[in-house]
Amino acid sequence: MVANYLLIFLEKITQFTCGGFVVGIAISHCLMDRVSLDDFVRNFSNVAAKGEVAFIPVIDRTCLMARSPLQIEYEHEEYTESSTIDPSAILKMKKSALTVPPNNYDSRLISLSGKLVEVLKMKAKNGGVKHCTRFMATLAHLWRARTAAIGNMNSEDVLIVHFVVNIRSKFKPPLPKEFVGNAIITAYAKATAKELQDQPFCETLKKLQEGLDRITDSYVRSQIDLMELRNRVLCLENGFLVTSRLHRYCLDSQSNRFKHSILFGRRYIRFCRHVVTVPESMKF
């Protein structure tokens with residue numbers, strides 16, 4: 001808090017004696033998502049180079065408002081009522097996510113080679129999956145590997161994986177390309193431990209695709225209405241969250257904008273026990 005106001009945006013420029021400089025940006029996710037942050041950086045660099053913005057942002061958020069009356073048309077199994085969870089447990093989880101992990105917490109960076117991901121995509125294709133992105137192939141592999149690593153669970157236990165979806169194209173009509181805001185929601189897929197361990201890789205992918213296909217205009221609007229009740233939290237019991245993360249973003253090399261890589265990251269996310277981040281710009 002600064003002067004009793006919530007700090008939602010902070011920018012710092014550090015210049016080095018060699019002539020180079022670093023632009024650091026901290027922003028509230030409530031203000032904008034990663035796509036909008038990309039657009040902001042594009043405009044920021046264009047103003048620095050040419051003195052004008054690359055495009056006029058659309059900041060009208062009324063399209064994301066809840067309806068009146070509320071129309072919750074789906075079960076939304078990805079969320080649970082916060083009244084069923086001990087408030088102190090939620091507070092403890094939030095605090096632990098923003099601090100350095102304790103000594104008994106083992107944090108490791110696991111690298112998936114491009115060759116492995118191509119093998120996974122080929123396995124999906126051979127199993128009848130027509131279109132498989134790198135993210136989906138990696139997500140399916142992580143879900144199965146995590147289930148096998150946990151062990152000691154009932155074969156009929158239902159496991160849930162949550163993943164973030166950009167909903168700009170899900171609306172009817174779609175949101176404007178220049179829209180700036182937080183236009184993401186959490187999709188989910190579920191399967192039993194036995195299914196994840198015994199069924200072919202392509203079946204895991206099909207369950208993820210079902211979760212993605214669930215995100216339609218009506219589903220998104222139903223979830224927005226659900227959030228208006230303010231008593232729901234993401235259900236991470238027997239589950240975990242995976243996000244695609246902008247690891248490296250190079251601006252247009254043909255323009256006069258910044259020509260060096262700009263690194264983005266969420267400092268706290270590496271310490272969350274239930275969160276895995278997948279770099280979106282992995283060189284496969």
# chains A, B, ... in the order shown; residues from 1 in each chain; ligands from 1
$ residues_around --residues "stretch 27-41 of chain A" --least-positions-apart "4" --cutoff "7 Å" --atoms "only C-alpha atoms" --output "PyMOL selection string"
chain A and resi 8-10+45+180-183
$ closest_atom_pairs --of "stretch 48-88 of chain A" --to "stretch 232-238 of chain A" --cutoff "7 Å" --atoms "only C-alpha atoms" --output "Markdown table"
| residue | atom | partner | partner_atom | distance |
| --- | --- | --- | --- | --- |
| A:Glu78 | CA | A:Cys235 | CA | 5.6 |
| A:Tyr79 | CA | A:Leu234 | CA | 4.6 |
| A:Thr80 | CA | A:Arg232 | CA | 5.4 |
| A:Glu81 | CA | A:Arg232 | CA | 4.6 |
| A:Ser82 | CA | A:Arg232 | CA | 5.1 |
$ write_last_selection --atoms "N, CA, C and O atoms" --output "short mmCIF file (atom, residue, chain, number, x, y, z; two decimals), in the first residue's frame"
data_model
loop_
_atom_site.label_atom_id
_atom_site.label_comp_id
_atom_site.auth_asym_id
_atom_site.auth_seq_id
_atom_site.Cartn_x
_atom_site.Cartn_y
_atom_site.Cartn_z
N GLU A 78 -14.42 -26.98 -10.81
CA GLU A 78 -13.07 -26.47 -10.56
C GLU A 78 -13.01 -25.55 -9.34
O GLU A 78 -11.93 -25.20 -8.87
N TYR A 79 -14.19 -25.16 -8.84
CA TYR A 79 -14.24 -24.29 -7.66
C TYR A 79 -15.02 -24.97 -6.54
O TYR A 79 -15.92 -25.77 -6.77
N THR A 80 -14.64 -24.62 -5.33
CA THR A 80 -15.33 -25.15 -4.16
C THR A 80 -15.75 -23.98 -3.28
O THR A 80 -15.17 -22.89 -3.35
N GLU A 81 -16.75 -24.19 -2.48
CA GLU A 81 -17.21 -23.12 -1.59
C GLU A 81 -16.17 -22.86 -0.51
O GLU A 81 -15.71 -23.77 0.17
N SER A 82 -15.78 -21.59 -0.38
CA SER A 82 -14.75 -21.23 0.60
C SER A 82 -15.25 -21.47 2.03
O SER A 82 -14.46 -21.60 2.96
#
$ select_by_dssp --residues "stretch 22-184 of chain A" --states "alpha helix (DSSP H)" --output "PyMOL selection string"
chain A and resi 34-50+87-97+114-126+134-150
$ residues_around --residues "stretch 192-202 of chain A" --least-positions-apart "6" --cutoff "12 Å" --atoms "only C-alpha atoms" --output "ChimeraX atom specification"
/A:119-132,136-161,208-209,238-239
$ select_by_dssp --residues "stretch 29-218 of chain A" --states "strand (DSSP E or B)" --output "MDAnalysis selection string"
chainID A and resid 58 79:81 158:166 179 184:192
$ atom_distance --atom1 "atom CA of A:Ile13" --atom2 "atom CA of A:Ile56"
24.0 Å
$ closest_residue --among "A:Leu241, A:Phe171, A:Pro69, A:Glu178" --to "A:Arg42" --atoms "only C-alpha atoms"
A:Glu178
$ residues_around --residues "A:Met65" --least-positions-apart "6" --cutoff "10 Å" --atoms "only C-alpha atoms" --output "PyMOL selection string"
chain A and resi 221+224-225+228
$ write_last_selection --atoms "N, CA and C atoms" --output "short mmCIF file (atom, residue, chain, number, x, y, z; two decimals), in the first residue's frame"
data_model
loop_
_atom_site.label_atom_id
_atom_site.label_comp_id
_atom_site.auth_asym_id
_atom_site.auth_seq_id
_atom_site.Cartn_x
_atom_site.Cartn_y
_atom_site.Cartn_z
N ARG A 221 -19.48 -17.04 -19.11
CA ARG A 221 -20.39 -16.09 -18.46
C ARG A 221 -20.97 -16.69 -17.17
N ILE A 224 -18.25 -16.27 -14.58
CA ILE A 224 -18.19 -14.87 -14.12
C ILE A 224 -19.28 -14.61 -13.10
N ASP A 225 -20.48 -15.11 -13.35
CA ASP A 225 -21.59 -14.95 -12.40
C ASP A 225 -21.28 -15.66 -11.08
N GLU A 228 -19.11 -13.72 -8.78
CA GLU A 228 -19.78 -12.60 -8.15
C GLU A 228 -20.26 -12.96 -6.74
#
$ residues_around --residues "stretch 172-175 of chain A" --least-positions-apart "2" --cutoff "12 Å" --atoms "only C-alpha atoms" --output "number ranges by chain"
A: 57-64, 166-170, 177-184, 216-221
$ write_last_selection --atoms "C-alpha atoms" --output "compact mmCIF listing (two decimals), in the first residue's frame"
# COMPACT_ATOMS: atom_id res chain seq x y z
CA PRO A 57 -6.08 -0.03 -26.20
CA VAL A 58 -9.70 -0.93 -25.46
CA ILE A 59 -10.25 -0.66 -21.71
CA ASP A 60 -14.01 -1.19 -21.59
CA ARG A 61 -14.50 -3.97 -19.01
CA THR A 62 -18.31 -4.08 -19.10
CA CYS A 63 -18.12 -7.21 -21.27
CA LEU A 64 -16.68 -9.05 -18.26
CA ASN A 166 -7.39 -17.12 -22.72
CA ILE A 167 -11.11 -16.38 -23.20
CA ARG A 168 -10.85 -13.51 -25.70
CA SER A 169 -11.96 -15.73 -28.58
CA LYS A 170 -14.52 -17.63 -26.50
CA LYS A 177 -7.88 -7.59 -30.37
CA GLU A 178 -6.90 -4.41 -28.56
CA PHE A 179 -8.76 -5.34 -25.34
CA VAL A 180 -6.72 -4.71 -22.20
CA GLY A 181 -7.75 -6.48 -19.02
CA ASN A 182 -7.70 -9.81 -17.24
CA ALA A 183 -9.41 -12.13 -19.73
CA ILE A 184 -8.41 -15.56 -18.49
CA THR A 216 -17.61 -21.68 -24.32
CA ASP A 217 -19.31 -18.30 -24.21
CA SER A 218 -22.08 -19.60 -21.93
CA TYR A 219 -19.62 -21.40 -19.65
CA VAL A 220 -17.42 -18.32 -19.28
CA ARG A 221 -20.39 -16.09 -18.46
$ closest_residue --among "A:His162, A:His76, A:Lys50, A:Lys115" --to "A:Leu226" --atoms "only C-alpha atoms"
A:His76
